[in-house]
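Trainee: Supplied structure: entry.tsv, TSV, N, CA and C atoms.
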```tsv
chain	number	residue	atom	x	y	z
A	1	MET	N	-12.49	-21.96	-7.36
A	1	MET	CA	-11.99	-21.37	-6.14
A	1	MET	C	-10.58	-20.83	-6.33
A	2	ARG	N	-9.99	-21.07	-7.50
A	2	ARG	CA	-8.62	-20.63	-7.69
A	2	ARG	C	-8.37	-20.04	-9.06
A	3	ASP	N	-9.41	-19.80	-9.83
A	3	ASP	CA	-9.25	-19.38	-11.21
A	3	ASP	C	-8.54	-18.04	-11.38
A	4	ALA	N	-8.58	-17.18	-10.40
A	4	ALA	CA	-7.93	-15.87	-10.52
A	4	ALA	C	-6.50	-15.88	-9.97
A	5	LEU	N	-6.08	-17.01	-9.44
A	5	LEU	CA	-4.79	-17.10	-8.77
A	5	LEU	C	-3.78	-17.86	-9.60
A	6	THR	N	-2.52	-17.53	-9.40
A	6	THR	CA	-1.46	-18.34	-10.00
A	6	THR	C	-1.39	-19.66	-9.23
A	7	ASP	N	-0.68	-20.63	-9.77
A	7	ASP	CA	-0.54	-21.92	-9.08
A	7	ASP	C	0.09	-21.74	-7.69
A	8	ALA	N	1.11	-20.89	-7.61
A	8	ALA	CA	1.77	-20.67	-6.32
A	8	ALA	C	0.82	-20.00	-5.33
A	9	GLN	N	0.04	-19.04	-5.79
A	9	GLN	CA	-0.92	-18.38	-4.91
A	9	GLN	C	-2.00	-19.35	-4.46
A	10	ALA	N	-2.51	-20.15	-5.38
A	10	ALA	CA	-3.54	-21.14	-5.04
A	10	ALA	C	-3.00	-22.11	-4.00
A	11	GLN	N	-1.76	-22.53	-4.15
A	11	GLN	CA	-1.16	-23.45	-3.18
A	11	GLN	C	-1.04	-22.79	-1.81
A	12	GLN	N	-0.64	-21.54	-1.79
A	12	GLN	CA	-0.52	-20.80	-0.53
A	12	GLN	C	-1.87	-20.69	0.16
A	13	LEU	N	-2.92	-20.38	-0.59
A	13	LEU	CA	-4.26	-20.27	-0.03
A	13	LEU	C	-4.77	-21.64	0.43
A	14	LEU	N	-4.50	-22.66	-0.34
A	14	LEU	CA	-4.89	-24.02	0.05
A	14	LEU	C	-4.17	-24.44	1.33
A	15	ASP	N	-2.89	-24.15	1.43
A	15	ASP	CA	-2.14	-24.49	2.65
A	15	ASP	C	-2.72	-23.77	3.86
A	16	TRP	N	-3.11	-22.52	3.66
A	16	TRP	CA	-3.74	-21.76	4.75
A	16	TRP	C	-5.03	-22.45	5.19
A	17	GLY	N	-5.87	-22.83	4.21
A	17	GLY	CA	-7.13	-23.48	4.53
A	17	GLY	C	-6.93	-24.82	5.21
A	18	LEU	N	-6.00	-25.61	4.72
A	18	LEU	CA	-5.74	-26.92	5.32
A	18	LEU	C	-5.22	-26.80	6.75
A	19	ALA	N	-4.44	-25.78	7.02
A	19	ALA	CA	-3.95	-25.56	8.39
A	19	ALA	C	-5.11	-25.29	9.34
A	20	HIS	N	-6.08	-24.50	8.90
A	20	HIS	CA	-7.26	-24.24	9.74
A	20	HIS	C	-8.08	-25.50	9.96
A	21	ILE	N	-8.21	-26.30	8.93
A	21	ILE	CA	-9.00	-27.53	9.05
A	21	ILE	C	-8.26	-28.55	9.91
A	22	GLN	N	-6.94	-28.63	9.79
A	22	GLN	CA	-6.16	-29.55	10.60
A	22	GLN	C	-6.33	-29.27	12.09
A	23	THR	N	-6.34	-28.00	12.45
A	23	THR	CA	-6.55	-27.62	13.85
A	23	THR	C	-7.91	-28.11	14.33
A	24	GLU	N	-8.90	-27.99	13.49
A	24	GLU	CA	-10.25	-28.45	13.85
A	24	GLU	C	-10.31	-29.97	13.95
A	25	VAL	N	-9.64	-30.66	13.04
A	25	VAL	CA	-9.59	-32.12	13.10
A	25	VAL	C	-9.01	-32.57	14.43
A	26	GLU	N	-7.93	-31.95	14.83
A	26	GLU	CA	-7.29	-32.31	16.10
A	26	GLU	C	-8.22	-32.08	17.29
A	27	SER	N	-9.05	-31.05	17.20
A	27	SER	CA	-9.96	-30.76	18.32
A	27	SER	C	-11.15	-31.71	18.37
A	28	THR	N	-11.35	-32.51	17.33
A	28	THR	CA	-12.50	-33.42	17.31
A	28	THR	C	-12.12	-34.88	17.57
A	29	LEU	N	-10.87	-35.13	17.87
A	29	LEU	CA	-10.41	-36.51	18.01
A	29	LEU	C	-11.16	-37.28	19.10
A	30	ASP	N	-11.61	-36.62	20.14
A	30	ASP	CA	-12.31	-37.29	21.23
A	30	ASP	C	-13.82	-37.35	21.04
A	31	LEU	N	-14.33	-36.83	19.95
A	31	LEU	CA	-15.77	-36.81	19.70
A	31	LEU	C	-16.20	-38.05	18.92
A	32	GLU	N	-17.47	-38.37	19.06
A	32	GLU	CA	-18.06	-39.42	18.24
A	32	GLU	C	-18.13	-38.93	16.79
A	33	ASP	N	-18.33	-39.86	15.87
A	33	ASP	CA	-18.28	-39.53	14.44
A	33	ASP	C	-19.29	-38.45	14.02
A	34	GLU	N	-20.53	-38.58	14.46
A	34	GLU	CA	-21.56	-37.63	14.01
A	34	GLU	C	-21.30	-36.20	14.47
A	35	PRO	N	-21.06	-35.96	15.77
A	35	PRO	CA	-20.77	-34.58	16.17
A	35	PRO	C	-19.45	-34.07	15.58
A	36	ALA	N	-18.48	-34.94	15.45
A	36	ALA	CA	-17.20	-34.53	14.85
A	36	ALA	C	-17.42	-34.13	13.40
A	37	GLY	N	-18.22	-34.91	12.69
A	37	GLY	CA	-18.51	-34.60	11.29
A	37	GLY	C	-19.21	-33.26	11.13
A	38	ARG	N	-20.17	-32.99	11.99
A	38	ARG	CA	-20.88	-31.69	11.93
A	38	ARG	C	-19.90	-30.55	12.20
A	39	GLN	N	-19.05	-30.73	13.20
A	39	GLN	CA	-18.10	-29.68	13.55
A	39	GLN	C	-17.11	-29.44	12.39
A	40	LEU	N	-16.64	-30.52	11.79
A	40	LEU	CA	-15.70	-30.38	10.68
A	40	LEU	C	-16.37	-29.76	9.45
A	41	ASP	N	-17.61	-30.17	9.17
A	41	ASP	CA	-18.34	-29.58	8.05
A	41	ASP	C	-18.49	-28.08	8.22
A	42	ALA	N	-18.81	-27.66	9.44
A	42	ALA	CA	-18.96	-26.23	9.71
A	42	ALA	C	-17.65	-25.49	9.49
A	43	GLN	N	-16.55	-26.09	9.93
A	43	GLN	CA	-15.24	-25.45	9.77
A	43	GLN	C	-14.84	-25.38	8.30
A	44	VAL	N	-15.08	-26.44	7.57
A	44	VAL	CA	-14.75	-26.45	6.13
A	44	VAL	C	-15.55	-25.36	5.42
A	45	THR	N	-16.80	-25.19	5.77
A	45	THR	CA	-17.62	-24.14	5.16
A	45	THR	C	-17.03	-22.76	5.45
A	46	LYS	N	-16.62	-22.53	6.68
A	46	LYS	CA	-16.03	-21.22	7.05
A	46	LYS	C	-14.76	-20.96	6.26
A	47	VAL	N	-13.90	-21.96	6.19
A	47	VAL	CA	-12.63	-21.82	5.47
A	47	VAL	C	-12.89	-21.61	3.98
A	48	ARG	N	-13.81	-22.38	3.41
A	48	ARG	CA	-14.14	-22.26	1.99
A	48	ARG	C	-14.64	-20.86	1.66
A	49	ARG	N	-15.44	-20.27	2.54
A	49	ARG	CA	-15.95	-18.91	2.30
A	49	ARG	C	-14.81	-17.91	2.18
A	50	VAL	N	-13.84	-18.01	3.07
A	50	VAL	CA	-12.70	-17.09	3.03
A	50	VAL	C	-11.90	-17.32	1.75
A	51	MET	N	-11.63	-18.58	1.44
A	51	MET	CA	-10.84	-18.89	0.25
A	51	MET	C	-11.54	-18.39	-1.01
A	52	ARG	N	-12.83	-18.62	-1.10
A	52	ARG	CA	-13.60	-18.16	-2.27
A	52	ARG	C	-13.57	-16.63	-2.37
A	53	GLN	N	-13.70	-15.96	-1.24
A	53	GLN	CA	-13.73	-14.50	-1.26
A	53	GLN	C	-12.37	-13.92	-1.65
A	54	VAL	N	-11.29	-14.52	-1.18
A	54	VAL	CA	-9.95	-14.06	-1.58
A	54	VAL	C	-9.81	-14.19	-3.10
A	55	ASN	N	-10.19	-15.33	-3.63
A	55	ASN	CA	-10.12	-15.54	-5.08
A	55	ASN	C	-10.97	-14.51	-5.83
A	56	GLN	N	-12.19	-14.28	-5.37
A	56	GLN	CA	-13.07	-13.32	-6.04
A	56	GLN	C	-12.50	-11.91	-5.98
A	57	MET	N	-11.94	-11.55	-4.85
A	57	MET	CA	-11.38	-10.20	-4.75
A	57	MET	C	-10.22	-10.02	-5.71
A	58	VAL	N	-9.35	-11.01	-5.80
A	58	VAL	CA	-8.23	-10.92	-6.73
A	58	VAL	C	-8.76	-10.87	-8.16
A	59	ASP	N	-9.78	-11.64	-8.44
A	59	ASP	CA	-10.36	-11.68	-9.79
A	59	ASP	C	-11.02	-10.36	-10.17
A	60	HIS	N	-11.70	-9.72	-9.24
A	60	HIS	CA	-12.48	-8.52	-9.55
A	60	HIS	C	-11.77	-7.21	-9.23
A	61	TRP	N	-10.59	-7.27	-8.70
A	61	TRP	CA	-9.90	-6.06	-8.26
A	61	TRP	C	-9.54	-5.19	-9.46
A	62	GLU	N	-9.93	-3.95	-9.38
A	62	GLU	CA	-9.56	-2.98	-10.41
A	62	GLU	C	-8.70	-1.92	-9.77
A	63	SER	N	-7.52	-1.75	-10.30
A	63	SER	CA	-6.53	-0.85	-9.69
A	63	SER	C	-7.04	0.57	-9.50
A	64	GLY	N	-7.89	1.05	-10.38
A	64	GLY	CA	-8.27	2.46	-10.33
A	64	GLY	C	-9.38	2.80	-9.35
A	65	ALA	N	-10.04	1.81	-8.75
A	65	ALA	CA	-11.20	2.14	-7.92
A	65	ALA	C	-11.20	1.36	-6.60
A	66	PRO	N	-10.23	1.58	-5.73
A	66	PRO	CA	-10.18	0.80	-4.49
A	66	PRO	C	-11.40	0.99	-3.60
A	67	ALA	N	-11.99	2.17	-3.58
A	67	ALA	CA	-13.15	2.39	-2.72
A	67	ALA	C	-14.36	1.60	-3.19
A	68	GLY	N	-14.38	1.19	-4.44
A	68	GLY	CA	-15.48	0.40	-4.96
A	68	GLY	C	-15.48	-1.04	-4.46
A	69	HIS	N	-14.47	-1.39	-3.68
A	69	HIS	CA	-14.34	-2.75	-3.18
A	69	HIS	C	-14.84	-2.91	-1.75
A	70	TRP	N	-15.48	-1.90	-1.21
A	70	TRP	CA	-15.98	-1.99	0.17
A	70	TRP	C	-16.87	-3.21	0.39
A	71	PRO	N	-17.81	-3.52	-0.51
A	71	PRO	CA	-18.64	-4.71	-0.27
A	71	PRO	C	-17.82	-6.00	-0.19
A	72	ASP	N	-16.85	-6.16	-1.09
A	72	ASP	CA	-16.00	-7.36	-1.05
A	72	ASP	C	-15.18	-7.41	0.23
A	73	LEU	N	-14.68	-6.28	0.65
A	73	LEU	CA	-13.89	-6.21	1.89
A	73	LEU	C	-14.76	-6.56	3.10
A	74	LEU	N	-15.99	-6.10	3.09
A	74	LEU	CA	-16.91	-6.40	4.18
A	74	LEU	C	-17.22	-7.90	4.23
A	75	VAL	N	-17.48	-8.50	3.07
A	75	VAL	CA	-17.77	-9.93	3.03
A	75	VAL	C	-16.58	-10.73	3.56
A	76	LEU	N	-15.38	-10.36	3.16
A	76	LEU	CA	-14.19	-11.08	3.65
A	76	LEU	C	-14.02	-10.88	5.16
A	77	SER	N	-14.24	-9.69	5.63
A	77	SER	CA	-14.15	-9.41	7.06
A	77	SER	C	-15.13	-10.28	7.84
A	78	GLN	N	-16.35	-10.37	7.36
A	78	GLN	CA	-17.36	-11.19	8.03
A	78	GLN	C	-17.03	-12.67	7.96
A	79	ALA	N	-16.47	-13.11	6.85
A	79	ALA	CA	-16.11	-14.53	6.71
A	79	ALA	C	-14.94	-14.90	7.62
A	80	LEU	N	-14.06	-13.95	7.87
A	80	LEU	CA	-12.90	-14.22	8.72
A	80	LEU	C	-13.23	-14.30	10.21
A	81	ARG	N	-14.22	-13.55	10.65
A	81	ARG	CA	-14.53	-13.47	12.08
A	81	ARG	C	-14.67	-14.82	12.77
A	82	PRO	N	-15.42	-15.78	12.21
A	82	PRO	CA	-15.57	-17.06	12.91
A	82	PRO	C	-14.28	-17.89	12.97
A	83	LEU	N	-13.28	-17.54	12.18
A	83	LEU	CA	-12.03	-18.28	12.18
A	83	LEU	C	-10.98	-17.68	13.10
A	84	GLN	N	-11.29	-16.54	13.68
A	84	GLN	CA	-10.34	-15.87	14.56
A	84	GLN	C	-10.72	-16.12	16.01
A	85	PRO	N	-9.71	-16.09	16.89
A	85	PRO	CA	-10.04	-16.25	18.32
A	85	PRO	C	-10.92	-15.10	18.78
A	86	PRO	N	-11.79	-15.34	19.77
A	86	PRO	CA	-12.73	-14.30	20.20
A	86	PRO	C	-12.07	-12.96	20.52
A	87	ALA	N	-10.91	-13.00	21.15
A	87	ALA	CA	-10.25	-11.74	21.53
A	87	ALA	C	-9.78	-10.95	20.31
A	88	GLY	N	-9.52	-11.63	19.20
A	88	GLY	CA	-9.00	-10.94	18.02
A	88	GLY	C	-9.96	-10.92	16.86
A	89	ALA	N	-11.23	-11.15	17.13
A	89	ALA	CA	-12.20	-11.32	16.05
A	89	ALA	C	-12.34	-10.10	15.15
A	90	TRP	N	-11.97	-8.94	15.61
A	90	TRP	CA	-12.13	-7.73	14.79
A	90	TRP	C	-10.80	-7.19	14.30
A	91	GLU	N	-9.71	-7.87	14.58
A	91	GLU	CA	-8.39	-7.35	14.22
A	91	GLU	C	-8.19	-7.18	12.72
A	92	ALA	N	-8.70	-8.09	11.92
A	92	ALA	CA	-8.47	-8.03	10.47
A	92	ALA	C	-9.27	-6.93	9.79
A	93	THR	N	-10.39	-6.54	10.37
A	93	THR	CA	-11.28	-5.59	9.72
A	93	THR	C	-10.59	-4.26	9.38
A	94	PRO	N	-9.91	-3.60	10.31
A	94	PRO	CA	-9.25	-2.34	9.93
A	94	PRO	C	-8.18	-2.54	8.86
A	95	GLU	N	-7.46	-3.65	8.93
A	95	GLU	CA	-6.44	-3.91	7.92
A	95	GLU	C	-7.06	-4.11	6.54
A	96	LEU	N	-8.17	-4.84	6.50
A	96	LEU	CA	-8.86	-5.05	5.23
A	96	LEU	C	-9.37	-3.74	4.66
A	97	PHE	N	-9.98	-2.95	5.49
A	97	PHE	CA	-10.56	-1.71	4.98
A	97	PHE	C	-9.50	-0.68	4.61
A	98	SER	N	-8.29	-0.85	5.12
A	98	SER	CA	-7.21	0.03	4.67
A	98	SER	C	-6.90	-0.22	3.19
A	99	LEU	N	-7.18	-1.43	2.72
A	99	LEU	CA	-7.00	-1.71	1.29
A	99	LEU	C	-7.94	-0.86	0.44
A	100	GLY	N	-9.14	-0.64	0.93
A	100	GLY	CA	-10.11	0.18	0.21
A	100	GLY	C	-9.81	1.65	0.27
A	101	GLN	N	-8.91	2.04	1.15
A	101	GLN	CA	-8.54	3.46	1.28
A	101	GLN	C	-7.17	3.74	0.71
A	102	SER	N	-6.56	2.74	0.13
A	102	SER	CA	-5.21	2.87	-0.39
A	102	SER	C	-5.14	3.94	-1.47
A	103	ALA	N	-4.22	4.85	-1.29
A	103	ALA	CA	-4.02	5.90	-2.30
A	103	ALA	C	-3.26	5.36	-3.50
A	104	THR	N	-2.50	4.30	-3.27
A	104	THR	CA	-1.73	3.68	-4.33
A	104	THR	C	-2.47	2.45	-4.83
A	105	PRO	N	-2.78	2.39	-6.12
A	105	PRO	CA	-3.46	1.21	-6.65
A	105	PRO	C	-2.61	-0.04	-6.46
A	106	LEU	N	-3.26	-1.14	-6.14
A	106	LEU	CA	-2.56	-2.41	-5.94
A	106	LEU	C	-2.78	-3.30	-7.16
A	107	ASP	N	-1.70	-3.92	-7.63
A	107	ASP	CA	-1.88	-4.92	-8.67
A	107	ASP	C	-2.38	-6.20	-7.99
A	108	LYS	N	-2.84	-7.15	-8.78
A	108	LYS	CA	-3.47	-8.34	-8.22
A	108	LYS	C	-2.51	-9.19	-7.38
A	109	ASP	N	-1.24	-9.25	-7.77
A	109	ASP	CA	-0.27	-10.01	-6.98
A	109	ASP	C	-0.04	-9.37	-5.62
A	110	THR	N	0.08	-8.06	-5.61
A	110	THR	CA	0.27	-7.35	-4.34
A	110	THR	C	-0.97	-7.47	-3.47
A	111	LEU	N	-2.13	-7.37	-4.09
A	111	LEU	CA	-3.38	-7.54	-3.35
A	111	LEU	C	-3.41	-8.92	-2.69
A	112	PHE	N	-3.09	-9.97	-3.44
A	112	PHE	CA	-3.11	-11.31	-2.87
A	112	PHE	C	-2.15	-11.40	-1.69
A	113	ASP	N	-0.94	-10.87	-1.85
A	113	ASP	CA	0.03	-10.91	-0.75
A	113	ASP	C	-0.49	-10.18	0.48
A	114	ARG	N	-1.09	-9.03	0.28
A	114	ARG	CA	-1.66	-8.28	1.42
A	114	ARG	C	-2.79	-9.04	2.08
A	115	LEU	N	-3.66	-9.64	1.27
A	115	LEU	CA	-4.77	-10.41	1.83
A	115	LEU	C	-4.25	-11.60	2.63
A	116	MET	N	-3.24	-12.28	2.14
A	116	MET	CA	-2.68	-13.41	2.88
A	116	MET	C	-2.04	-12.96	4.18
A	117	ASP	N	-1.39	-11.81	4.17
A	117	ASP	CA	-0.81	-11.27	5.41
A	117	ASP	C	-1.92	-10.99	6.43
A	118	ILE	N	-3.04	-10.52	5.96
A	118	ILE	CA	-4.15	-10.16	6.86
A	118	ILE	C	-4.84	-11.39	7.40
A	119	ILE	N	-5.10	-12.39	6.55
A	119	ILE	CA	-5.88	-13.53	7.04
A	119	ILE	C	-5.06	-14.50	7.88
A	120	LYS	N	-3.76	-14.40	7.84
A	120	LYS	CA	-2.93	-15.28	8.66
A	120	LYS	C	-3.09	-14.90	10.07
```
Turn this file's structure into structure tokens for me.

Mentor:
Amino acid sequence: MRDALTDAQAQQLLDWGLAHIQTEVESTLDLEDEPAGRQLDAQVTKVRRVMRQVNQMVDHWESGAPAGHWPDLLVLSQALRPLQPPAGAWEATPELFSLGQSATPLDKDTLFDRLMDIIK
């Protein structure tokens, strides 16, 4: 889940994921163990999908062909939707797809920074 990232980037992505899970943990404090566990498992799966996709995008990003990344951008957009509030569920999509239209090639570090700005 972190093989394409530097240690600092992996820590930043992990901190992002843990913040999302912490919010969910707090929302389950009044639930019984079984429903709380199901709710937490679902949230961990959602967060893991985003984290895995960020890593894969950084790993597979080729500076010369940004338009070739549309499928990866779509997968990340879809993975992010369940983690966003209903009113803002589509906000990240245009920002993500702007990466695929970038006239200037992005190096992997810049790509990671842009992705983190978008998913926050």

Trainee: Find the residues with any atom within 12 Å of (-2.5, -24.2, 0.8); use only C-alpha atoms and the coordinates as given in the file, and write the answer as a VMD selection string.

Mentor: chain A and resid 2 7 to 22 47 to 48 51 116 120

Trainee: Pull N, CA and C atoms from the residues just selected and write them as a PDB file, in the coordinates of the input.

Mentor:
```pdb
ATOM      1  N   ARG A   2      -9.990 -21.070  -7.500  1.00  0.00           N
ATOM      2  CA  ARG A   2      -8.620 -20.630  -7.690  1.00  0.00           C
ATOM      3  C   ARG A   2      -8.370 -20.040  -9.060  1.00  0.00           C
ATOM      4  N   ASP A   7      -0.680 -20.630  -9.770  1.00  0.00           N
ATOM      5  CA  ASP A   7      -0.540 -21.920  -9.080  1.00  0.00           C
ATOM      6  C   ASP A   7       0.090 -21.740  -7.690  1.00  0.00           C
ATOM      7  N   ALA A   8       1.110 -20.890  -7.610  1.00  0.00           N
ATOM      8  CA  ALA A   8       1.770 -20.670  -6.320  1.00  0.00           C
ATOM      9  C   ALA A   8       0.820 -20.000  -5.330  1.00  0.00           C
ATOM     10  N   GLN A   9       0.040 -19.040  -5.790  1.00  0.00           N
ATOM     11  CA  GLN A   9      -0.920 -18.380  -4.910  1.00  0.00           C
ATOM     12  C   GLN A   9      -2.000 -19.350  -4.460  1.00  0.00           C
ATOM     13  N   ALA A  10      -2.510 -20.150  -5.380  1.00  0.00           N
ATOM     14  CA  ALA A  10      -3.540 -21.140  -5.040  1.00  0.00           C
ATOM     15  C   ALA A  10      -3.000 -22.110  -4.000  1.00  0.00           C
ATOM     16  N   GLN A  11      -1.760 -22.530  -4.150  1.00  0.00           N
ATOM     17  CA  GLN A  11      -1.160 -23.450  -3.180  1.00  0.00           C
ATOM     18  C   GLN A  11      -1.040 -22.790  -1.810  1.00  0.00           C
ATOM     19  N   GLN A  12      -0.640 -21.540  -1.790  1.00  0.00           N
ATOM     20  CA  GLN A  12      -0.520 -20.800  -0.530  1.00  0.00           C
ATOM     21  C   GLN A  12      -1.870 -20.690   0.160  1.00  0.00           C
ATOM     22  N   LEU A  13      -2.920 -20.380  -0.590  1.00  0.00           N
ATOM     23  CA  LEU A  13      -4.260 -20.270  -0.030  1.00  0.00           C
ATOM     24  C   LEU A  13      -4.770 -21.640   0.430  1.00  0.00           C
ATOM     25  N   LEU A  14      -4.500 -22.660  -0.340  1.00  0.00           N
ATOM     26  CA  LEU A  14      -4.890 -24.020   0.050  1.00  0.00           C
ATOM     27  C   LEU A  14      -4.170 -24.440   1.330  1.00  0.00           C
ATOM     28  N   ASP A  15      -2.890 -24.150   1.430  1.00  0.00           N
ATOM     29  CA  ASP A  15      -2.140 -24.490   2.650  1.00  0.00           C
ATOM     30  C   ASP A  15      -2.720 -23.770   3.860  1.00  0.00           C
ATOM     31  N   TRP A  16      -3.110 -22.520   3.660  1.00  0.00           N
ATOM     32  CA  TRP A  16      -3.740 -21.760   4.750  1.00  0.00           C
ATOM     33  C   TRP A  16      -5.030 -22.450   5.190  1.00  0.00           C
ATOM     34  N   GLY A  17      -5.870 -22.830   4.210  1.00  0.00           N
ATOM     35  CA  GLY A  17      -7.130 -23.480   4.530  1.00  0.00           C
ATOM     36  C   GLY A  17      -6.930 -24.820   5.210  1.00  0.00           C
ATOM     37  N   LEU A  18      -6.000 -25.610   4.720  1.00  0.00           N
ATOM     38  CA  LEU A  18      -5.740 -26.920   5.320  1.00  0.00           C
ATOM     39  C   LEU A  18      -5.220 -26.800   6.750  1.00  0.00           C
ATOM     40  N   ALA A  19      -4.440 -25.780   7.020  1.00  0.00           N
ATOM     41  CA  ALA A  19      -3.950 -25.560   8.390  1.00  0.00           C
ATOM     42  C   ALA A  19      -5.110 -25.290   9.340  1.00  0.00           C
ATOM     43  N   HIS A  20      -6.080 -24.500   8.900  1.00  0.00           N
ATOM     44  CA  HIS A  20      -7.260 -24.240   9.740  1.00  0.00           C
ATOM     45  C   HIS A  20      -8.080 -25.500   9.960  1.00  0.00           C
ATOM     46  N   ILE A  21      -8.210 -26.300   8.930  1.00  0.00           N
ATOM     47  CA  ILE A  21      -9.000 -27.530   9.050  1.00  0.00           C
ATOM     48  C   ILE A  21      -8.260 -28.550   9.910  1.00  0.00           C
ATOM     49  N   GLN A  22      -6.940 -28.630   9.790  1.00  0.00           N
ATOM     50  CA  GLN A  22      -6.160 -29.550  10.600  1.00  0.00           C
ATOM     51  C   GLN A  22      -6.330 -29.270  12.090  1.00  0.00           C
ATOM     52  N   VAL A  47     -13.900 -21.960   6.190  1.00  0.00           N
ATOM     53  CA  VAL A  47     -12.630 -21.820   5.470  1.00  0.00           C
ATOM     54  C   VAL A  47     -12.890 -21.610   3.980  1.00  0.00           C
ATOM     55  N   ARG A  48     -13.810 -22.380   3.410  1.00  0.00           N
ATOM     56  CA  ARG A  48     -14.140 -22.260   1.990  1.00  0.00           C
ATOM     57  C   ARG A  48     -14.640 -20.860   1.660  1.00  0.00           C
ATOM     58  N   MET A  51     -11.630 -18.580   1.440  1.00  0.00           N
ATOM     59  CA  MET A  51     -10.840 -18.890   0.250  1.00  0.00           C
ATOM     60  C   MET A  51     -11.540 -18.390  -1.010  1.00  0.00           C
ATOM     61  N   MET A 116      -3.240 -12.280   2.140  1.00  0.00           N
ATOM     62  CA  MET A 116      -2.680 -13.410   2.880  1.00  0.00           C
ATOM     63  C   MET A 116      -2.040 -12.960   4.180  1.00  0.00           C
ATOM     64  N   LYS A 120      -3.760 -14.400   7.840  1.00  0.00           N
ATOM     65  CA  LYS A 120      -2.930 -15.280   8.660  1.00  0.00           C
ATOM     66  C   LYS A 120      -3.090 -14.900  10.070  1.00  0.00           C
TER      67      LYS A 120
END
```

Trainee: From a DSSP pass on the backbone, collect the residues of range 88-120 of chain A flagged as alpha helix (DSSP H) and hand them back as a ChimeraX atom specification.

Mentor: /A:92-100,108-119

Trainee: Find the distance between atom N of Ser98 in chain A and atom N of Leu80 in chain A and write it in Å to one decimal.

Mentor: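 Here the two named atoms are 14.6 Å from each other.
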
Trainee: One decimal, in Å: what's the spacing between atom C of Ala92 in chain A and atom N of Ser77 in chain A?

Mentor: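 Atom-to-atom, atom C of Ala92 in chain A to atom N of Ser77 in chain A, that is 7.0 Å.
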
Trainee: With distances taken over only N, CA and C atoms, which residue among A:Arg49, A:Arg114, A:Lys108, A:Arg38 lies nearest Val75 in chain A?

Mentor: A:Arg49

Trainee: Got a sec: who's within 8 Å of Ile118 in chain A, counting only N, CA and C atoms, leaving out chain neighbours fewer than 4 positions off, as a PyMOL selection string?

Mentor: chain A and resi 91-93+95-96+112-114
